[in-house]
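S.K.: What follows is target.cif, mmCIF, C-alpha atoms.
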data_data
#
loop_
_atom_site.group_PDB
_atom_site.id
_atom_site.type_symbol
_atom_site.label_atom_id
_atom_site.label_comp_id
_atom_site.auth_asym_id
_atom_site.auth_seq_id
_atom_site.Cartn_x
_atom_site.Cartn_y
_atom_site.Cartn_z
ATOM 1 C CA MET W 1 0.000 0.000 0.000
ATOM 2 C CA THR W 2 1.299 3.474 -0.914
ATOM 3 C CA HIS W 3 1.695 5.815 2.059
ATOM 4 C CA TYR W 4 3.198 8.784 0.208
ATOM 5 C CA VAL W 5 3.947 10.109 -3.281
ATOM 6 C CA VAL W 6 6.766 12.439 -4.373
ATOM 7 C CA GLN W 7 6.621 13.918 -7.886
ATOM 8 C CA ARG W 8 9.443 15.942 -9.411
ATOM 9 C CA ALA W 9 8.427 18.792 -11.697
ATOM 10 C CA ALA W 10 11.008 17.601 -14.240
ATOM 11 C CA ASP W 11 9.350 14.168 -14.402
ATOM 12 C CA ALA W 12 5.745 15.371 -14.461
ATOM 13 C CA THR W 13 3.595 15.033 -17.570
ATOM 14 C CA PHE W 14 0.482 16.915 -18.639
ATOM 15 C CA ALA W 15 -2.368 15.154 -20.433
ATOM 16 C CA ALA W 16 -6.029 15.696 -21.270
ATOM 17 C CA PRO W 17 -8.076 14.098 -18.449
ATOM 18 C CA PRO W 18 -10.522 11.355 -19.517
ATOM 19 C CA GLN W 19 -13.515 13.068 -17.827
ATOM 20 C CA LEU W 20 -13.502 16.234 -19.944
ATOM 21 C CA PRO W 21 -16.955 17.379 -21.136
ATOM 22 C CA HIS W 22 -17.611 17.189 -24.875
ATOM 23 C CA GLY W 23 -16.232 20.152 -26.810
ATOM 24 C CA SER W 24 -13.456 20.954 -24.353
ATOM 25 C CA THR W 25 -10.214 22.107 -26.001
ATOM 26 C CA GLY W 26 -6.748 23.250 -25.012
ATOM 27 C CA PHE W 27 -6.862 21.766 -21.507
ATOM 28 C CA ARG W 28 -4.241 19.555 -19.869
ATOM 29 C CA ARG W 29 -3.682 18.429 -16.302
ATOM 30 C CA ARG W 30 -0.668 17.137 -14.405
ATOM 31 C CA SER W 31 -1.948 14.618 -11.884
ATOM 32 C CA VAL W 32 0.093 14.624 -8.676
ATOM 33 C CA VAL W 33 -2.027 12.128 -6.758
ATOM 34 C CA GLY W 34 -5.250 10.273 -7.474
ATOM 35 C CA GLU W 35 -7.171 7.054 -7.004
ATOM 36 C CA ALA W 36 -4.416 4.905 -8.534
ATOM 37 C CA ASP W 37 -2.003 6.072 -5.808
ATOM 38 C CA GLY W 38 -4.165 4.755 -2.987
ATOM 39 C CA THR W 39 -5.621 8.077 -1.901
ATOM 40 C CA VAL W 40 -9.233 8.161 -0.701
ATOM 41 C CA HIS W 41 -9.858 11.811 0.123
ATOM 42 C CA THR W 42 -7.518 13.674 -2.229
ATOM 43 C CA GLY W 43 -7.188 14.322 -5.927
ATOM 44 C CA PHE W 44 -4.536 16.963 -6.580
ATOM 45 C CA GLY W 45 -3.026 18.310 -9.779
ATOM 46 C CA VAL W 46 -1.817 21.270 -11.779
ATOM 47 C CA CYS W 47 -4.017 22.399 -14.691
ATOM 48 C CA GLU W 48 -3.172 24.241 -17.903
ATOM 49 C CA LEU W 49 -5.613 25.991 -20.248
ATOM 50 C CA ALA W 50 -4.591 27.623 -23.534
ATOM 51 C CA PRO W 51 -5.722 31.221 -24.227
ATOM 52 C CA ASP W 52 -8.212 29.923 -26.811
ATOM 53 C CA GLY W 53 -9.094 26.809 -24.787
ATOM 54 C CA ALA W 54 -12.297 25.922 -22.954
ATOM 55 C CA ILE W 55 -13.735 23.333 -20.571
ATOM 56 C CA GLY W 56 -17.443 22.770 -21.151
ATOM 57 C CA ALA W 57 -20.047 23.138 -18.425
ATOM 58 C CA HIS W 58 -20.073 20.256 -15.940
ATOM 59 C CA VAL W 59 -20.667 19.263 -12.317
ATOM 60 C CA HIS W 60 -18.722 17.102 -9.875
ATOM 61 C CA SER W 61 -19.841 14.957 -6.968
ATOM 62 C CA TYR W 62 -16.779 16.198 -5.114
ATOM 63 C CA GLU W 63 -15.561 19.540 -3.789
ATOM 64 C CA GLU W 64 -13.055 21.467 -5.914
ATOM 65 C CA SER W 65 -10.673 24.144 -4.614
ATOM 66 C CA PHE W 66 -8.186 25.959 -6.803
ATOM 67 C CA HIS W 67 -5.315 28.430 -6.657
ATOM 68 C CA MET W 68 -4.099 30.355 -9.706
ATOM 69 C CA VAL W 69 -0.367 29.905 -10.299
ATOM 70 C CA ALA W 70 0.069 31.887 -13.525
ATOM 71 C CA GLY W 71 -1.878 33.582 -16.328
ATOM 72 C CA THR W 72 -5.571 34.421 -16.476
ATOM 73 C CA VAL W 73 -8.717 32.383 -17.010
ATOM 74 C CA ILE W 74 -12.471 32.956 -16.897
ATOM 75 C CA LEU W 75 -14.664 30.812 -14.663
ATOM 76 C CA ASP W 76 -18.384 30.678 -15.491
ATOM 77 C CA THR W 77 -20.918 29.694 -12.803
ATOM 78 C CA PRO W 78 -24.691 30.128 -12.476
ATOM 79 C CA GLU W 79 -24.077 33.154 -10.241
ATOM 80 C CA GLY W 80 -21.715 34.943 -12.633
ATOM 81 C CA SER W 81 -18.454 34.885 -14.575
ATOM 82 C CA TYR W 82 -15.131 35.715 -12.949
ATOM 83 C CA LEU W 83 -11.721 36.718 -14.280
ATOM 84 C CA LEU W 84 -9.130 34.810 -12.292
ATOM 85 C CA GLU W 85 -5.499 35.945 -12.195
ATOM 86 C CA GLU W 86 -2.296 34.823 -10.501
ATOM 87 C CA GLY W 87 -2.861 34.673 -6.750
ATOM 88 C CA ASP W 88 -6.644 34.254 -6.961
ATOM 89 C CA TYR W 89 -8.213 31.204 -5.343
ATOM 90 C CA GLY W 90 -11.668 29.827 -4.797
ATOM 91 C CA LEU W 91 -14.048 27.024 -3.982
ATOM 92 C CA LEU W 92 -16.515 25.152 -6.200
ATOM 93 C CA PRO W 93 -18.874 23.237 -3.891
ATOM 94 C CA THR W 94 -20.171 19.796 -4.804
ATOM 95 C CA GLY W 95 -22.816 19.915 -7.531
ATOM 96 C CA VAL W 96 -22.230 23.503 -8.695
ATOM 97 C CA PRO W 97 -22.226 23.787 -12.525
ATOM 98 C CA HIS W 98 -19.159 25.541 -13.897
ATOM 99 C CA ALA W 99 -17.083 26.017 -17.042
ATOM 100 C CA TRP W 100 -13.640 27.461 -17.798
ATOM 101 C CA ARG W 101 -12.545 29.760 -20.638
ATOM 102 C CA GLY W 102 -9.044 30.769 -21.668
ATOM 103 C CA ALA W 103 -8.104 34.444 -21.416
ATOM 104 C CA GLY W 104 -5.033 36.596 -21.879
ATOM 105 C CA ASP W 105 -2.057 35.855 -24.114
ATOM 106 C CA THR W 106 -0.411 32.980 -22.268
ATOM 107 C CA VAL W 107 -1.339 29.565 -20.924
ATOM 108 C CA ALA W 108 -3.179 29.788 -17.601
ATOM 109 C CA ARG W 109 -2.037 27.450 -14.853
ATOM 110 C CA TRP W 110 -3.717 26.586 -11.562
ATOM 111 C CA ALA W 111 -3.531 23.933 -8.846
ATOM 112 C CA ASP W 112 -6.702 22.014 -8.043
ATOM 113 C CA MET W 113 -7.754 20.035 -5.000
ATOM 114 C CA LEU W 114 -10.556 17.484 -5.437
ATOM 115 C CA ALA W 115 -12.146 15.981 -2.324
ATOM 116 C CA PRO W 116 -12.989 13.150 -2.102
ATOM 117 C CA VAL W 117 -10.914 11.549 -4.848
ATOM 118 C CA PRO W 118 -12.656 11.156 -8.251
ATOM 119 C CA ARG W 119 -13.397 7.481 -9.060
ATOM 120 C CA ALA W 120 -12.685 6.067 -12.513
ATOM 121 C CA ARG W 121 -15.451 3.464 -12.203
ATOM 122 C CA TYR W 122 -18.033 6.260 -11.807
ATOM 123 C CA GLN W 123 -16.862 8.346 -14.789
ATOM 124 C CA TYR W 124 -14.568 10.272 -12.455
ATOM 125 C CA ASP W 125 -17.643 11.619 -10.655
ATOM 126 C CA THR W 126 -18.149 14.235 -13.383
ATOM 127 C CA ARG W 127 -21.198 14.926 -15.557
ATOM 128 C CA ALA W 128 -21.710 17.362 -18.453
ATOM 129 C CA VAL W 129 -24.564 19.871 -18.068
ATOM 130 C CA PRO W 130 -26.155 22.474 -20.397
ATOM 131 C CA ALA W 131 -23.948 25.400 -21.353
ATOM 132 C CA LEU W 132 -23.736 28.351 -18.985
ATOM 133 C CA PRO W 133 -24.114 31.991 -20.100
ATOM 134 C CA ALA W 134 -20.751 33.558 -20.983
ATOM 135 C CA ARG W 135 -21.152 36.860 -19.156
ATOM 136 C CA GLU W 136 -18.680 39.726 -18.981
ATOM 137 C CA PRO W 137 -16.326 38.538 -16.200
ATOM 138 C CA SER W 138 -15.860 40.350 -12.905
ATOM 139 C CA ARG W 139 -12.544 40.514 -11.066
ATOM 140 C CA ILE W 140 -12.267 38.971 -7.619
ATOM 141 C CA ASP W 141 -12.926 41.435 -4.791
ATOM 142 C CA VAL W 142 -12.993 39.764 -1.369
ATOM 143 C CA ARG W 143 -14.875 42.752 0.064
ATOM 144 C CA ASP W 144 -17.771 42.084 -2.320
ATOM 145 C CA PRO W 145 -20.276 39.541 -0.876
ATOM 146 C CA ARG W 146 -21.021 38.367 -4.422
ATOM 147 C CA THR W 147 -17.540 36.833 -4.638
ATOM 148 C CA ARG W 148 -17.603 35.266 -1.179
ATOM 149 C CA SER W 149 -16.404 31.921 -2.554
ATOM 150 C CA PHE W 150 -13.160 33.450 -3.858
ATOM 151 C CA GLY W 151 -10.128 35.307 -2.562
ATOM 152 C CA HIS W 152 -6.685 36.603 -3.433
ATOM 153 C CA PHE W 153 -3.270 35.754 -2.005
ATOM 154 C CA GLU W 154 -0.086 37.829 -2.033
ATOM 155 C CA ALA W 155 3.262 36.557 -0.750
ATOM 156 C CA ALA W 156 3.518 39.631 1.493
ATOM 157 C CA GLN W 157 0.608 38.246 3.514
ATOM 158 C CA MET W 158 3.050 35.650 4.902
ATOM 159 C CA ASP W 159 5.255 38.311 6.529
ATOM 160 C CA PRO W 160 3.961 39.093 10.061
ATOM 161 C CA GLY W 161 6.024 42.300 10.150
ATOM 162 C CA LYS W 162 4.394 43.812 7.075
ATOM 163 C CA GLN W 163 0.710 43.480 7.863
ATOM 164 C CA SER W 164 -1.422 46.584 7.327
ATOM 165 C CA GLN W 165 -5.066 47.457 6.918
ATOM 166 C CA ASP W 166 -4.525 47.916 3.185
ATOM 167 C CA LEU W 167 -2.992 44.462 2.890
ATOM 168 C CA LEU W 168 -5.597 42.864 5.119
ATOM 169 C CA SER W 169 -8.387 44.324 2.989
ATOM 170 C CA VAL W 170 -7.496 41.913 0.170
ATOM 171 C CA SER W 171 -7.810 38.863 2.437
ATOM 172 C CA ALA W 172 -11.378 38.343 3.562
ATOM 173 C CA SER W 173 -12.800 37.979 7.093
ATOM 174 C CA MET W 174 -10.974 35.804 9.632
ATOM 175 C CA ARG W 175 -8.680 34.472 6.911
ATOM 176 C CA THR W 176 -6.647 37.633 7.561
ATOM 177 C CA ALA W 177 -5.199 35.853 10.600
ATOM 178 C CA LEU W 178 -1.732 34.298 10.447
ATOM 179 C CA LEU W 179 -0.529 31.376 12.534
ATOM 180 C CA VAL W 180 3.141 31.971 13.336
ATOM 181 C CA TYR W 181 5.314 29.630 15.386
ATOM 182 C CA SER W 182 8.935 28.375 15.458
ATOM 183 C CA GLY W 183 9.900 29.920 12.141
ATOM 184 C CA ILE W 184 6.723 28.680 10.431
ATOM 185 C CA THR W 185 3.916 30.892 9.080
ATOM 186 C CA VAL W 186 0.546 29.513 7.933
ATOM 187 C CA LYS W 187 -2.002 31.501 5.886
ATOM 188 C CA MET W 188 -5.401 29.846 5.382
ATOM 189 C CA ILE W 189 -7.088 30.431 2.018
ATOM 190 C CA VAL W 190 -9.847 27.799 1.621
ATOM 191 C CA ASP W 191 -11.589 26.342 4.670
ATOM 192 C CA ALA W 192 -15.016 26.138 6.322
ATOM 193 C CA ASP W 193 -15.099 29.938 6.494
ATOM 194 C CA LEU W 194 -15.112 29.975 2.688
ATOM 195 C CA GLY W 195 -17.719 27.196 2.567
ATOM 196 C CA ALA W 196 -15.505 24.121 2.233
ATOM 197 C CA VAL W 197 -16.733 20.968 3.964
ATOM 198 C CA ALA W 198 -14.370 18.230 2.718
ATOM 199 C CA SER W 199 -10.934 19.861 2.591
ATOM 200 C CA THR W 200 -8.722 22.863 3.305
ATOM 201 C CA MET W 201 -6.118 24.734 1.246
ATOM 202 C CA PHE W 202 -3.497 27.092 2.654
ATOM 203 C CA MET W 203 0.009 28.519 2.264
ATOM 204 C CA VAL W 204 2.899 27.486 4.484
ATOM 205 C CA GLN W 205 6.192 29.364 4.773
ATOM 206 C CA TYR W 206 9.331 28.325 6.628
ATOM 207 C CA ALA W 207 11.979 30.865 7.608
ATOM 208 C CA ALA W 208 15.626 29.889 7.179
ATOM 209 C CA ASP W 209 15.518 28.141 10.562
ATOM 210 C CA GLY W 210 12.044 26.645 10.093
ATOM 211 C CA VAL W 211 11.672 23.012 11.164
ATOM 212 C CA ALA W 212 8.679 20.734 11.757
ATOM 213 C CA GLY W 213 9.498 17.546 13.653
ATOM 214 C CA ALA W 214 8.292 14.084 12.689
ATOM 215 C CA HIS W 215 4.505 13.755 12.949
ATOM 216 C CA ASP W 216 1.474 12.248 11.245
ATOM 217 C CA HIS W 217 -2.248 12.994 10.858
ATOM 218 C CA PRO W 218 -5.613 11.206 10.607
ATOM 219 C CA PHE W 219 -6.060 12.867 7.187
ATOM 220 C CA GLU W 220 -4.227 13.234 3.860
ATOM 221 C CA GLU W 221 -1.997 16.166 2.876
ATOM 222 C CA THR W 222 -0.491 17.437 -0.376
ATOM 223 C CA TYR W 223 2.321 19.948 -0.942
ATOM 224 C CA LEU W 224 3.222 21.976 -4.052
ATOM 225 C CA ILE W 225 6.480 23.921 -3.634
ATOM 226 C CA VAL W 226 6.237 27.473 -4.986
ATOM 227 C CA GLU W 227 9.390 29.075 -3.553
ATOM 228 C CA GLY W 228 12.697 27.852 -2.116
ATOM 229 C CA THR W 229 13.928 24.371 -1.201
ATOM 230 C CA VAL W 230 12.857 22.018 1.585
ATOM 231 C CA ASP W 231 14.158 18.716 2.930
ATOM 232 C CA ALA W 232 11.107 16.518 3.459
ATOM 233 C CA THR W 233 11.079 13.094 5.101
ATOM 234 C CA PHE W 234 8.225 10.638 4.531
ATOM 235 C CA ASP W 235 8.234 7.416 6.574
ATOM 236 C CA GLY W 236 11.991 7.705 7.059
ATOM 237 C CA GLU W 237 12.894 8.467 3.424
ATOM 238 C CA ARG W 238 14.396 11.884 2.729
ATOM 239 C CA HIS W 239 13.604 13.964 -0.361
ATOM 240 C CA ARG W 240 14.822 17.432 -1.330
ATOM 241 C CA LEU W 241 11.968 19.339 -2.977
ATOM 242 C CA GLY W 242 12.235 22.513 -5.054
ATOM 243 C CA VAL W 243 9.909 24.813 -6.973
ATOM 244 C CA GLY W 244 7.321 22.826 -8.936
ATOM 245 C CA ASP W 245 7.925 19.591 -7.038
ATOM 246 C CA ALA W 246 4.949 18.079 -5.221
ATOM 247 C CA ALA W 247 4.205 15.409 -2.646
ATOM 248 C CA TRP W 248 1.304 13.651 -0.959
ATOM 249 C CA ALA W 249 1.281 12.090 2.517
ATOM 250 C CA GLY W 250 -1.463 9.615 3.331
ATOM 251 C CA ALA W 251 -3.107 9.281 6.735
ATOM 252 C CA GLY W 252 -0.564 7.843 9.169
ATOM 253 C CA CYS W 253 2.496 8.701 7.056
ATOM 254 C CA VAL W 254 5.139 10.124 9.411
ATOM 255 C CA HIS W 255 6.670 13.221 7.837
ATOM 256 C CA SER W 256 8.888 16.179 8.724
ATOM 257 C CA PHE W 257 10.249 19.310 7.030
ATOM 258 C CA THR W 258 13.408 21.432 7.253
ATOM 259 C CA ASN W 259 14.172 24.534 5.221
ATOM 260 C CA ALA W 260 17.142 23.558 3.037
ATOM 261 C CA GLY W 261 18.037 27.069 1.804
ATOM 262 C CA ALA W 262 19.161 30.448 3.086
ATOM 263 C CA GLY W 263 15.869 32.164 2.268
ATOM 264 C CA PRO W 264 12.237 31.256 2.911
ATOM 265 C CA VAL W 265 10.571 28.166 1.471
ATOM 266 C CA ARG W 266 6.868 28.345 0.695
ATOM 267 C CA TRP W 267 4.345 25.793 -0.498
ATOM 268 C CA LEU W 268 0.648 25.350 -1.200
ATOM 269 C CA GLU W 269 -0.768 22.690 1.124
ATOM 270 C CA THR W 270 -4.087 20.858 1.312
ATOM 271 C CA GLN W 271 -5.746 18.601 3.863
ATOM 272 C CA ALA W 272 -8.636 16.180 3.398
ATOM 273 C CA PRO W 273 -10.858 15.484 5.146
ATOM 274 C CA GLN W 274 -10.880 18.626 7.272
ATOM 275 C CA PRO W 275 -8.848 18.170 10.476
ATOM 276 C CA PRO W 276 -10.680 17.202 13.663
ATOM 277 C CA SER W 277 -10.816 19.749 16.475
ATOM 278 C CA ARG W 278 -8.477 17.586 18.600
ATOM 279 C CA HIS W 279 -5.663 15.142 17.889
ATOM 280 C CA SER W 280 -4.897 16.474 14.416
ATOM 281 C CA TYR W 281 -1.174 15.992 15.056
ATOM 282 C CA ARG W 282 0.613 12.957 16.453
ATOM 283 C CA PHE W 283 4.222 13.963 17.125
ATOM 284 C CA ALA W 284 6.748 11.143 17.259
ATOM 285 C CA ARG W 285 8.728 12.970 19.965
ATOM 286 C CA ASP W 286 5.809 12.778 22.410
ATOM 287 C CA TRP W 287 5.537 9.014 22.085
ATOM 288 C CA ASP W 288 9.319 8.614 22.242
ATOM 289 C CA TYR W 289 9.254 10.566 25.489
ATOM 290 C CA LEU W 290 6.481 8.359 26.886
ATOM 291 C CA ARG W 291 8.455 5.235 25.991
ATOM 292 C CA GLU W 292 11.520 6.589 27.813
ATOM 293 C CA VAL W 293 9.477 7.436 30.904
ATOM 294 C CA LEU W 294 7.905 3.984 31.014
ATOM 295 C CA GLU W 295 11.285 2.297 30.554
ATOM 296 C CA GLU W 296 12.695 4.283 33.484
ATOM 297 C CA ARG W 297 9.870 3.096 35.718
ATOM 298 C CA SER W 298 10.099 -0.551 34.736
#
Could you write out this file's structure as structure tokens?

M.R.:
Amino acid sequence: MTHYVVQRAADATFAAPPQLPHGSTGFRRRSVVGEADGTVHTGFGVCELAPDGAIGAHVHSYEESFHMVAGTVILDTPEGSYLLEEGDYGLLPTGVPHAWRGAGDTVARWADMLAPVPRARYQYDTRAVPALPAREPSRIDVRDPRTRSFGHFEAAQMDPGKQSQDLLSVSASMRTALLVYSGITVKMIVDADLGAVASTMFMVQYAADGVAGAHDHPFEETYLIVEGTVDATFDGERHRLGVGDAAWAGAGCVHSFTNAGAGPVRWLETQAPQPPSRHSYRFARDWDYLREVLEERS
């Protein structure tokens, strides 16, 4: 049974997914992890859409979160059409019809998180639906209640020393909060506050001295490196990951991270299902300590 997956950007391939609606053109996806890898809760990949490409209207029986990595694209939904640019993110709840259109002059690229994992035996849990109106797209504005399922991320939001009201105004509601500890900064982007029920998506940044000791979770995680270099260990095997590399850790996989460079390392991370309110982390050091204490008493 597979407990983790590591995928190098140099070895990754893009291909047209088999579940594309009829009439879709110019779309490719790099699958990082899916059903064939043993995952239950997570489908994760990087998508590409040509400027003249399109993905026809469809629905999923899973939740889809996304984060724009480069370029621009138009997302059509029953509520409206939206122009998505680098740094924009959003949530498509289960059963919401949507379609994608190419925009701009370059290929658009985004990461997607699908929870639970699409199943090949059920047509990848995707169905085509009637075409949606192609309205004039609106830009994402997190202060506008009409775009409450979307947001925008800037790297400066990871710096606790540079927070300001102007910067916070582009990061909606309680998602303005940062979690900062031991050289690690976490910035939530998609969670229950945005309407997600099956997964989360957030940014993680390690300072030069950032370290997370060996631990595991009762849920699955993925990681897409967007800046810097990190030494990651999964079930005792060490991997150095750089920009574009990705990894998945299944439930119970013991993993740890150490910044391997002189500057910050940052990655997009997902969790599925959503973490429980207690016992989300099981640190190996705590159980090693307990073993030592019990051995001393015996």

S.K.: State, in Å with one decimal place, the distance from CA of Val33 in chain W to CA of Ile55 in chain W.

M.R.: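 About the pair CA of Val33 in chain W and CA of Ile55 in chain W: they are 21.3 Å apart.
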
S.K.: Looking at W:Val32, W:Ala10, W:Leu241, W:Leu83, which one is nearest to Thr222 in chain W, with distances taken over only C-alpha atoms?

M.R.: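 For Thr222 in chain W, the nearest of the candidates is W:Val32.
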
S.K.: Step by step, work through what the PyMOL selection byres ((chain W and resi 125) around 10) selects in the shown file, and finish by giving those residues as a list in words.

M.R.: Gln19, Val59, His60, Ser61, Tyr62, Pro116, Val117, Pro118, Arg119, Ala120, Arg121, Tyr122, Gln123, Tyr124, Thr126 and Arg127 of chain W

S.K.: Counting only C-alpha atoms, which residues of range 63-151 of chain W sit at most 9 Å from some atom of range 183-193 of chain W, and what is each one's closest atom pair with its distance in Å to one decimal, listed by chain and rising residue number, as JSON lines?

M.R.:
{"residue": "W:Ser65", "atom": "CA", "partner": "W:Val190", "partner_atom": "CA", "distance": 7.3}
{"residue": "W:Phe66", "atom": "CA", "partner": "W:Val190", "partner_atom": "CA", "distance": 8.8}
{"residue": "W:Tyr89", "atom": "CA", "partner": "W:Ile189", "partner_atom": "CA", "distance": 7.5}
{"residue": "W:Gly90", "atom": "CA", "partner": "W:Val190", "partner_atom": "CA", "distance": 7.0}
{"residue": "W:Leu91", "atom": "CA", "partner": "W:Val190", "partner_atom": "CA", "distance": 7.0}
{"residue": "W:Ser149", "atom": "CA", "partner": "W:Val190", "partner_atom": "CA", "distance": 8.8}
{"residue": "W:Phe150", "atom": "CA", "partner": "W:Val190", "partner_atom": "CA", "distance": 8.5}
{"residue": "W:Gly151", "atom": "CA", "partner": "W:Ile189", "partner_atom": "CA", "distance": 7.3}

S.K.: Closest to Ala214 in chain W among W:Asp141, W:Glu269, W:Asp288, W:Glu154, using all atoms listed in the file?

M.R.: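 Result for the nearest residue to Ala214 in chain W: W:Asp288.
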